[in-house]
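Here is the structure we will look at, set down as structure tokens.
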Amino acid sequence: MFGACATLSSNADERRFGYVYEPEVLPKGGMEFEQWVTLGSQRTSAGEVGKENYNRFEIREELEYGVSDRYSVSLYLNGVNESYRDKTITPFEDKSKFTFDGISIENRYMLLNPADHAVGLTLYLEPRFAGDNAELEQKIILGQRHGDWKWAVNLTHATEWGDNFHETEGEVEISAGIARDLSPNWSIGLEVRDHNEIPEYERWENTAVFVGPVINYRHERWWATLSVMPQVFGRNYTGEPDGYRNLELEGHERISVRLLVGISL
């Protein structure tokens, strides 16, 4: 019935998207190493933010293993480097700091295989622990392939505990992607993300919408995906601390770029 989906390669976890997860998981016994590099660039030096030439690099190393044909588990090492010129103090001060952001364990369980059902469905749970802070992220992952086309939708919720667990912040995100295979090796597509922050679960603080292209290359034992996502709309519902009405540059960047490289082991 879904013949285009019925044959999955041994690299079933090749990712057509940089930010959006697809429902497929690694087959039983499969193992893969992934290198993540994400750049969030440019907030604002205006208003209360005062962060000029802001850049945030997130670096993640992932080792993924297929426990069964439905369940895969991954171990992540996470690092963050943040740099900017602080214009909220006089004289202005250049700041740069690298932080080890803890260890994550990602669990994905495929309830409905898209090769056998009209829509694939996978559940995702990822706890992260970094000593003085932690996070728990959940996703509902939907997707399917139709010939050379593939789409996926993610519904995401996360809770982050910071400041030695004295602060709590909720995050809600809806993301989607659609891609077309141009050849056995190349695909191009488009991703959309709507990310929202809810401090202490007391108020909906902001929203930021990102839209941009994604390109994927696949080889026999490795693949690479590059996604470039500028912020096209944002709103801070507690005022305009960044001085912008239609962008949110206090808690989000003007542009986000992610490169993923996966190697089958």
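Chain labels follow the order of the structure tokens: the first chain is A, the next B, and so on; residue numbering restarts at 1 in every chain, and ligands are counted from 1 in their shown order.
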(request) Taking the DSSP assignment computed from this structure's backbone, write out as number ranges by chain all residues of range 33-235 of chain A that belong to strand (DSSP E or B). (result) A: 33-41, 51-66, 71-86, 93-112, 120-129, 134-146, 149-162, 167-181, 186-199, 206-218, 222-235
Keeping C-alpha atoms, export the residues of the selection given above as a compact mmCIF listing (two decimals), in the first residue's frame.
# COMPACT_ATOMS: atom_id res chain seq x y z
CA PHE A 33 27.71 8.83 15.51
CA GLU A 34 26.34 12.33 14.89
CA GLN A 35 28.11 15.65 15.25
CA TRP A 36 25.86 18.68 15.83
CA VAL A 37 26.91 22.31 15.45
CA THR A 38 24.21 24.98 15.93
CA LEU A 39 24.83 28.72 15.66
CA GLY A 40 22.33 31.24 16.99
CA SER A 41 23.51 34.66 15.84
CA LYS A 51 24.04 42.24 23.55
CA GLU A 52 26.00 43.46 20.54
CA ASN A 53 27.49 40.96 18.05
CA TYR A 54 25.86 38.07 19.91
CA ASN A 55 26.79 34.51 18.92
CA ARG A 56 25.87 31.26 20.61
CA PHE A 57 27.38 27.95 19.49
CA GLU A 58 25.81 24.71 20.68
CA ILE A 59 28.01 21.65 20.11
CA ARG A 60 26.66 18.15 20.65
CA GLU A 61 28.21 14.74 20.12
CA GLU A 62 25.66 11.93 19.79
CA LEU A 63 26.09 8.16 19.82
CA GLU A 64 22.88 6.39 18.79
CA TYR A 65 22.03 2.68 19.02
CA GLY A 66 19.07 0.73 17.65
CA TYR A 71 13.29 1.75 19.80
CA SER A 72 16.56 3.70 19.61
CA VAL A 73 18.55 5.35 22.39
CA SER A 74 21.21 8.08 22.14
CA LEU A 75 23.84 9.48 24.48
CA TYR A 76 24.74 13.17 24.04
CA LEU A 77 27.60 15.32 25.32
CA ASN A 78 26.54 18.97 25.22
CA GLY A 79 28.60 22.16 25.13
CA VAL A 80 27.69 25.85 24.69
CA ASN A 81 29.87 28.83 23.84
CA GLU A 82 28.30 32.30 24.17
CA SER A 83 30.00 35.57 23.18
CA TYR A 84 28.86 39.20 22.86
CA ARG A 85 29.67 42.79 23.79
CA ASP A 86 27.74 43.77 26.91
CA GLU A 93 32.71 44.72 28.09
CA ASP A 94 33.39 41.82 25.71
CA LYS A 95 32.24 38.50 27.17
CA SER A 96 32.87 34.95 26.01
CA LYS A 97 32.23 31.76 27.95
CA PHE A 98 32.25 28.04 27.16
CA THR A 99 30.05 25.83 29.34
CA PHE A 100 29.76 22.08 29.49
CA ASP A 101 26.00 21.70 29.29
CA GLY A 102 25.69 18.19 30.62
CA ILE A 103 24.72 14.77 29.38
CA SER A 104 21.47 13.87 27.60
CA ILE A 105 19.85 10.51 26.95
CA GLU A 106 17.42 10.54 24.03
CA ASN A 107 14.78 7.83 23.75
CA ARG A 108 12.64 7.36 20.64
CA TYR A 109 9.94 4.70 20.30
CA MET A 110 8.17 4.25 16.96
CA LEU A 111 4.53 3.38 17.58
CA LEU A 112 3.48 3.44 13.91
CA GLY A 120 4.28 7.37 11.06
CA LEU A 121 4.20 8.14 14.80
CA THR A 122 7.12 8.19 17.22
CA LEU A 123 7.32 9.27 20.87
CA TYR A 124 10.45 11.03 22.13
CA LEU A 125 11.79 11.62 25.65
CA GLU A 126 15.13 13.29 26.44
CA PRO A 127 16.33 14.08 29.97
CA ARG A 128 19.44 16.27 30.36
CA PHE A 129 21.48 16.81 33.54
CA ALA A 134 18.47 20.05 34.08
CA GLU A 135 15.88 19.67 31.35
CA LEU A 136 13.21 17.18 30.31
CA GLU A 137 12.02 17.33 26.70
CA GLN A 138 9.14 15.41 25.08
CA LYS A 139 8.08 15.22 21.43
CA ILE A 140 5.30 13.72 19.37
CA ILE A 141 6.78 13.03 15.95
CA LEU A 142 4.58 12.55 12.87
CA GLY A 143 5.67 12.00 9.28
CA GLN A 144 5.40 10.13 6.00
CA ARG A 145 7.00 9.71 2.58
CA HIS A 146 5.13 10.09 -0.72
CA TRP A 149 8.54 13.85 -1.07
CA LYS A 150 8.84 13.54 2.69
CA TRP A 151 7.18 15.55 5.46
CA ALA A 152 7.32 15.61 9.25
CA VAL A 153 5.64 17.51 12.09
CA ASN A 154 6.88 17.74 15.70
CA LEU A 155 4.94 18.82 18.79
CA THR A 156 7.47 19.61 21.53
CA HIS A 157 7.28 20.48 25.22
CA ALA A 158 10.24 20.94 27.55
CA THR A 159 10.79 21.95 31.17
CA GLU A 160 14.13 23.46 32.18
CA TRP A 161 15.33 23.90 35.76
CA GLY A 162 18.09 26.49 36.25
CA GLU A 167 14.08 28.66 38.45
CA THR A 168 11.72 26.81 36.12
CA GLU A 169 10.90 27.57 32.50
CA GLY A 170 8.55 25.83 30.14
CA GLU A 171 9.05 25.71 26.38
CA VAL A 172 6.52 24.83 23.70
CA GLU A 173 7.38 24.39 20.03
CA ILE A 174 5.58 23.37 16.87
CA SER A 175 7.85 22.56 13.93
CA ALA A 176 7.36 21.10 10.48
CA GLY A 177 9.39 20.28 7.41
CA ILE A 178 8.89 19.14 3.85
CA ALA A 179 11.67 17.88 1.57
CA ARG A 180 12.05 16.46 -1.93
CA ASP A 181 14.69 13.98 -3.03
CA TRP A 186 20.58 14.92 -2.57
CA SER A 187 17.41 16.45 -1.15
CA ILE A 188 16.24 20.00 -0.49
CA GLY A 189 13.42 21.25 1.67
CA LEU A 190 11.89 23.85 3.92
CA GLU A 191 11.53 23.95 7.72
CA VAL A 192 9.29 26.06 9.97
CA ARG A 193 9.60 26.45 13.77
CA ASP A 194 7.45 28.34 16.27
CA HIS A 195 9.24 28.44 19.64
CA ASN A 196 7.67 29.83 22.84
CA GLU A 197 8.94 30.40 26.41
CA ILE A 198 6.82 30.27 29.59
CA PRO A 199 8.84 31.31 32.71
CA ASN A 206 7.35 35.29 23.93
CA THR A 207 7.09 33.58 20.58
CA ALA A 208 9.55 33.39 17.68
CA VAL A 209 8.89 31.97 14.21
CA PHE A 210 11.77 30.73 12.04
CA VAL A 211 11.50 29.69 8.39
CA GLY A 212 14.31 28.57 6.11
CA PRO A 213 15.79 26.10 3.63
CA VAL A 214 17.45 22.79 4.39
CA ILE A 215 19.75 20.66 2.22
CA ASN A 216 20.76 17.04 2.79
CA TYR A 217 23.48 14.88 1.23
CA ARG A 218 23.62 11.10 1.71
CA TRP A 222 27.51 8.95 6.08
CA TRP A 223 25.20 11.91 5.57
CA ALA A 224 25.13 15.66 6.23
CA THR A 225 22.29 18.16 6.68
CA LEU A 226 22.50 21.96 6.72
CA SER A 227 19.56 24.12 7.83
CA VAL A 228 19.49 27.95 7.75
CA MET A 229 16.55 29.54 9.57
CA PRO A 230 16.12 33.31 9.92
CA GLN A 231 13.54 34.65 12.35
CA VAL A 232 10.64 36.03 10.32
CA PHE A 233 8.35 37.03 13.19
CA GLY A 234 8.58 37.42 16.93
CA ARG A 235 6.74 38.99 19.81
(request) Could you tell me how far CA of Thr88 in chain A lies from CA of Gln42 in chain A, in Å and to one decimal? (result) 16.0 Å
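CA of Arg16 in chain A is positioned 16.7 Å from CA of Ala115 in chain A.
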(message) Report, in Å to a single decimal, how far apart CA of Phe17 in chain A and CA of Asp116 in chain A are.
(response) 22.0 Å
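When only C-alpha atoms are used to compute distances to Arg43 in chain A, the closest of the residues A:Gly243, A:Leu260, A:Asn185, A:His252 turns out to be A:His252.
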(message) Nearest residue to Leu249 in chain A out of A:Glu32, A:Tyr21, A:Asp132, A:Glu48, using only C-alpha atoms?
(response) A:Glu48
